[in-house]
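Worksheet: one structure, shown below.
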Amino acid sequence: MTQLEQLPLPLLLWYHENARTLPWRSDPTPYHVWVSEIMLQQTRVAAVLDYYKRFLEALPTVADLAACPEDKLMKLWQGLGYYSRARNLQKAARQVMERFGGEMPSRYEELLTLSGIGDYTAGAISSIAFGQPVPAVDGNVLRVVSRLTDDHRDMTRPEVKADIRDALTKIIPRDIPGAFNQAMMDLGATVCLPNGAPLCEKCPAADFCAGCLTGTARDLPVKAPKKARKIEERVVYLIFRDGKVALRRRPARGLLAGLWEYPNEPAPWPCPVEGKADFAAAGKHIFTHKEWHMKAYAVEAETEALPQDWLWAGGEELADTYALPSAFAPFAHIVAQRVK
């Protein structure tokens, strides 16, 4: 019997005793599972909890999400990052309304046709919400399987992921596939930890885990090295007048598409309005493939005139209406001191 074949029973017994209490698990409707899984992409569970609650209070159904104005949607997502996830979520909600009569499809293959839903998310929704025996393979699961089977292949390669997905399809319990997938998620998140730090003494698979028994678990999974991030030096202008701050909307495509921001450009960039610019603060933000190293300058504008498509925003509008990326969080305290 292979290591994977031995896994389901001890894993599920462990999960019964150690499952994390999460709000989407208490009421695993397709919509709830879907929203939670999209939010959890590249975001820690602890960071998602409050956003999930607020999101569902504002948009309790697929129809509500489909009809939500863009600025409201972006404001609900503000702080979670990777804003294309929210846009794809809404695009998929509209597809559900148009093509599936407002009901989430249950079949894995149909879920894959919706915007922003890939193999993992389709597997999670179909198994957890609909009881379909489909594995949900993410980074946590790849790490668990690579250590369990002492697999030294590059886990970033699509064919390796597909091979592991096929292997899990053969051993996933047909009666409780959702519990199995969530158990794998929890094992990877709480025991079979990343960065060479598995807690093997707490693992239900320790007695037959090849990586644990051979001492290679800390070196797995194998991943191709990431490319170095590009560093951009940027100038940010915090432009104030009469207790308001100037905002502009980013282009509809590309990084942080369509979000509002404090005006900024690659350095050097002269002040775009009349007024004396004083250095205010420095900040850094790391994206997936690049880093922004920012210097912010505060400006008291001499007139109300702004470039086309810019606007003035007060404190209430910043709080309730306009979504600003977390990239500009290093300057929030400066803005808070000067807007009303």
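By order of appearance in the structure tokens: chains A, B, ..., then residues from 1 within every chain, and ligands from 1 in the order shown.
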Env of Tyr322 of chain A: 7 Å cut, atoms = only C-alpha atoms, seq-sep filter 5 positions within chain, self excluded. Answer as a list in words.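 Listed by chain and then number, they are Asp71, Lys75, Trp260 and Glu317 of chain A.
By only C-alpha atoms, and with residues fewer than 3 positions from segment 177-185 of chain A along its chain excluded, the set lying at most 8 Å from it is A:Pro8, A:Leu11, A:Leu12, A:Tyr15, A:Ala19, A:Ala124, A:Ser127, A:Ile128, A:Ala129, A:Gly131, A:Gln132, A:Pro133, A:Val134, A:Pro135, A:Ala136, A:Asn140, A:Val141, A:Val144, A:Ile172, A:Pro173, A:Arg174, A:Gly188, A:Ala189.
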Once you have the residues from the selection above, write them out as a compact mmCIF listing (two decimals), in the first residue's frame, restricted to all heavy atoms.
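The resulting result_33.txt:
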```
# COMPACT_ATOMS: atom_id res chain seq x y z
N PRO A 8 -5.97 8.48 3.91
CA PRO A 8 -7.31 8.99 4.23
C PRO A 8 -7.80 8.73 5.65
O PRO A 8 -8.28 9.67 6.32
CB PRO A 8 -8.20 8.29 3.19
CG PRO A 8 -7.29 8.10 2.02
CD PRO A 8 -5.96 7.77 2.62
N LEU A 11 -5.85 10.65 8.43
CA LEU A 11 -6.03 12.08 8.18
C LEU A 11 -7.42 12.54 8.62
O LEU A 11 -7.57 13.56 9.30
CB LEU A 11 -5.84 12.38 6.68
CG LEU A 11 -6.14 13.83 6.26
CD1 LEU A 11 -5.12 14.79 6.85
CD2 LEU A 11 -6.16 13.94 4.72
N LEU A 12 -8.44 11.78 8.27
CA LEU A 12 -9.81 12.17 8.63
C LEU A 12 -10.06 12.06 10.13
O LEU A 12 -10.79 12.87 10.70
CB LEU A 12 -10.81 11.32 7.84
CG LEU A 12 -10.88 11.67 6.34
CD1 LEU A 12 -11.60 10.58 5.56
CD2 LEU A 12 -11.55 13.03 6.12
N TYR A 15 -8.49 15.11 11.48
CA TYR A 15 -9.31 16.28 11.14
C TYR A 15 -10.53 16.38 12.05
O TYR A 15 -10.93 17.47 12.46
CB TYR A 15 -9.74 16.19 9.68
CG TYR A 15 -10.58 17.36 9.20
CD1 TYR A 15 -10.04 18.63 9.10
CD2 TYR A 15 -11.92 17.17 8.81
CE1 TYR A 15 -10.81 19.70 8.63
CE2 TYR A 15 -12.67 18.22 8.35
CZ TYR A 15 -12.13 19.47 8.27
OH TYR A 15 -12.89 20.53 7.82
N ALA A 19 -9.97 20.03 13.32
CA ALA A 19 -10.42 20.95 12.26
C ALA A 19 -10.53 22.38 12.78
O ALA A 19 -11.02 22.63 13.88
CB ALA A 19 -11.78 20.49 11.73
N ALA A 124 -12.46 22.66 -4.83
CA ALA A 124 -12.95 22.99 -3.49
C ALA A 124 -14.47 23.15 -3.47
O ALA A 124 -15.16 22.60 -2.61
CB ALA A 124 -12.26 24.25 -2.98
N SER A 127 -16.37 19.76 -4.28
CA SER A 127 -16.28 18.74 -3.23
C SER A 127 -16.94 19.18 -1.93
O SER A 127 -17.69 18.41 -1.31
CB SER A 127 -14.81 18.39 -2.97
OG SER A 127 -14.09 19.52 -2.46
N ILE A 128 -16.69 20.42 -1.50
CA ILE A 128 -17.19 20.88 -0.20
C ILE A 128 -18.67 21.20 -0.26
O ILE A 128 -19.44 20.84 0.65
CB ILE A 128 -16.38 22.10 0.27
CG1 ILE A 128 -14.92 21.74 0.47
CG2 ILE A 128 -16.97 22.67 1.57
CD1 ILE A 128 -14.00 22.93 0.69
N ALA A 129 -19.10 21.89 -1.31
CA ALA A 129 -20.50 22.33 -1.38
C ALA A 129 -21.42 21.30 -2.03
O ALA A 129 -22.61 21.26 -1.74
CB ALA A 129 -20.58 23.65 -2.15
N GLY A 131 -20.32 17.75 -2.69
CA GLY A 131 -19.98 16.36 -2.43
C GLY A 131 -19.43 15.61 -3.61
O GLY A 131 -19.50 14.37 -3.64
N GLN A 132 -18.85 16.32 -4.57
CA GLN A 132 -18.26 15.65 -5.73
C GLN A 132 -16.85 15.16 -5.37
O GLN A 132 -16.07 15.89 -4.76
CB GLN A 132 -18.18 16.62 -6.91
CG GLN A 132 -19.53 17.20 -7.33
CD GLN A 132 -20.44 16.16 -7.94
OE1 GLN A 132 -19.98 15.32 -8.72
NE2 GLN A 132 -21.70 16.20 -7.58
N PRO A 133 -16.46 13.95 -5.75
CA PRO A 133 -15.15 13.40 -5.38
C PRO A 133 -14.02 13.95 -6.25
O PRO A 133 -13.43 13.25 -7.07
CB PRO A 133 -15.33 11.89 -5.58
CG PRO A 133 -16.35 11.79 -6.66
CD PRO A 133 -17.30 12.94 -6.46
N VAL A 134 -13.75 15.24 -6.06
CA VAL A 134 -12.73 15.93 -6.84
C VAL A 134 -11.71 16.53 -5.88
O VAL A 134 -12.08 17.24 -4.94
CB VAL A 134 -13.36 17.06 -7.69
CG1 VAL A 134 -12.29 17.77 -8.50
CG2 VAL A 134 -14.45 16.51 -8.60
N PRO A 135 -10.42 16.26 -6.06
CA PRO A 135 -9.41 16.85 -5.17
C PRO A 135 -9.25 18.35 -5.41
O PRO A 135 -9.55 18.85 -6.49
CB PRO A 135 -8.13 16.10 -5.52
CG PRO A 135 -8.33 15.63 -6.91
CD PRO A 135 -9.80 15.38 -7.08
N ALA A 136 -8.79 19.05 -4.39
CA ALA A 136 -8.49 20.48 -4.48
C ALA A 136 -7.00 20.63 -4.17
O ALA A 136 -6.59 20.50 -3.02
CB ALA A 136 -9.34 21.27 -3.49
N ASN A 140 -0.51 24.07 -0.28
CA ASN A 140 -0.51 23.25 0.93
C ASN A 140 -0.54 21.76 0.60
O ASN A 140 0.20 20.96 1.17
CB ASN A 140 -1.73 23.60 1.80
CG ASN A 140 -1.50 24.81 2.68
OD1 ASN A 140 -0.38 25.09 3.07
ND2 ASN A 140 -2.57 25.52 2.98
N VAL A 141 -1.41 21.40 -0.32
CA VAL A 141 -1.58 19.98 -0.68
C VAL A 141 -0.34 19.46 -1.40
O VAL A 141 0.11 18.34 -1.13
CB VAL A 141 -2.85 19.81 -1.53
CG1 VAL A 141 -2.96 18.38 -2.06
CG2 VAL A 141 -4.09 20.16 -0.71
N VAL A 144 2.27 18.74 1.25
CA VAL A 144 1.97 17.53 2.01
C VAL A 144 2.31 16.29 1.19
O VAL A 144 2.98 15.37 1.67
CB VAL A 144 0.49 17.51 2.44
CG1 VAL A 144 0.11 16.14 2.99
CG2 VAL A 144 0.21 18.59 3.47
N ILE A 172 -9.29 9.76 -2.93
CA ILE A 172 -10.20 10.63 -2.20
C ILE A 172 -11.47 9.85 -1.82
O ILE A 172 -12.05 9.15 -2.66
CB ILE A 172 -10.54 11.89 -3.03
CG1 ILE A 172 -11.31 12.91 -2.19
CG2 ILE A 172 -11.34 11.54 -4.29
CD1 ILE A 172 -11.46 14.28 -2.87
N PRO A 173 -11.90 9.91 -0.57
CA PRO A 173 -13.12 9.19 -0.16
C PRO A 173 -14.34 9.67 -0.93
O PRO A 173 -14.61 10.88 -0.99
CB PRO A 173 -13.23 9.51 1.33
CG PRO A 173 -11.86 9.92 1.75
CD PRO A 173 -11.26 10.61 0.56
N ARG A 174 -15.08 8.76 -1.51
CA ARG A 174 -16.23 9.13 -2.34
C ARG A 174 -17.39 9.66 -1.51
O ARG A 174 -18.23 10.40 -2.02
CB ARG A 174 -16.69 7.93 -3.16
CG ARG A 174 -15.72 7.43 -4.24
CD ARG A 174 -15.13 8.56 -5.02
NE ARG A 174 -14.47 8.15 -6.26
CZ ARG A 174 -13.17 8.30 -6.47
NH1 ARG A 174 -12.38 8.78 -5.51
NH2 ARG A 174 -12.64 7.97 -7.63
N GLY A 188 -1.72 21.00 5.91
CA GLY A 188 -0.67 21.82 5.34
C GLY A 188 -0.54 23.17 6.02
O GLY A 188 0.55 23.72 6.13
N ALA A 189 -1.67 23.71 6.51
CA ALA A 189 -1.66 25.05 7.11
C ALA A 189 -1.19 25.04 8.55
O ALA A 189 -0.67 26.06 9.05
CB ALA A 189 -3.05 25.65 7.02
```
DSSP-assigned strand (DSSP E) among segment 189-243 of chain A, expressed as a PyMOL selection string: chain A and resi 230-241
From the list A:Leu89, A:Ala67, A:Ile231, A:Ala252, which residue is nearest His293 of chain A when using only C-alpha atoms?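 Of all the options, A:Ile231 lies closest to His293 of chain A.
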For Gly118 of chain A, list every protein, DNA or RNA residue within 12 Å, evaluated using only C-alpha atoms, and leave out those in the same chain fewer than 3 positions away; present the list as a VMD selection string. chain A and resid 34 37 to 38 41 85 88 92 108 to 115 121 to 126 136 to 138
Residue among A:Ala336, A:Leu56, A:Leu168, A:Leu65 lying closest to Gln3 of chain A, counting only C-alpha atoms: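 The closest residue to Gln3 of chain A is A:Leu168.
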Report the residues of segment 17-106 of chain A whose backbone DSSP state falls under helix (DSSP H, G or I), written as a PyMOL selection string. chain A and resi 17-18+23-26+30-40+45-58+62-67+70-77+84-99
Tell me, as a VMD selection string, which residues lie within 9 Å of segment 328-335 of chain A, counting only C-alpha atoms; anything in the same chain fewer than 4 positions away does not count. chain A and resid 238 240 244 to 245 261 to 262 280 to 285 296 298 315 324 339
Near Ala86 of chain A, within 8 Å and counting only C-alpha atoms, which residues show up once chain neighbours fewer than 2 positions away are dropped, as a count of residues only? 9
So that I can see what lies close to Leu220 of chain A, please list as JSON, numbers by chain the residues with an atom at most 9 Å from it, counting only C-alpha atoms and leaving out residues fewer than 6 positions away in the same chain. {"A": [143, 146, 147, 150, 151, 152, 194, 195, 196, 211]}
Excluding Phe55 of chain A and its own-chain neighbours fewer than 4 positions away, which residues fall within 8 Å of it when counting only C-alpha atoms? Please give them as a PyMOL selection string. chain A and resi 51+59-60+76-77
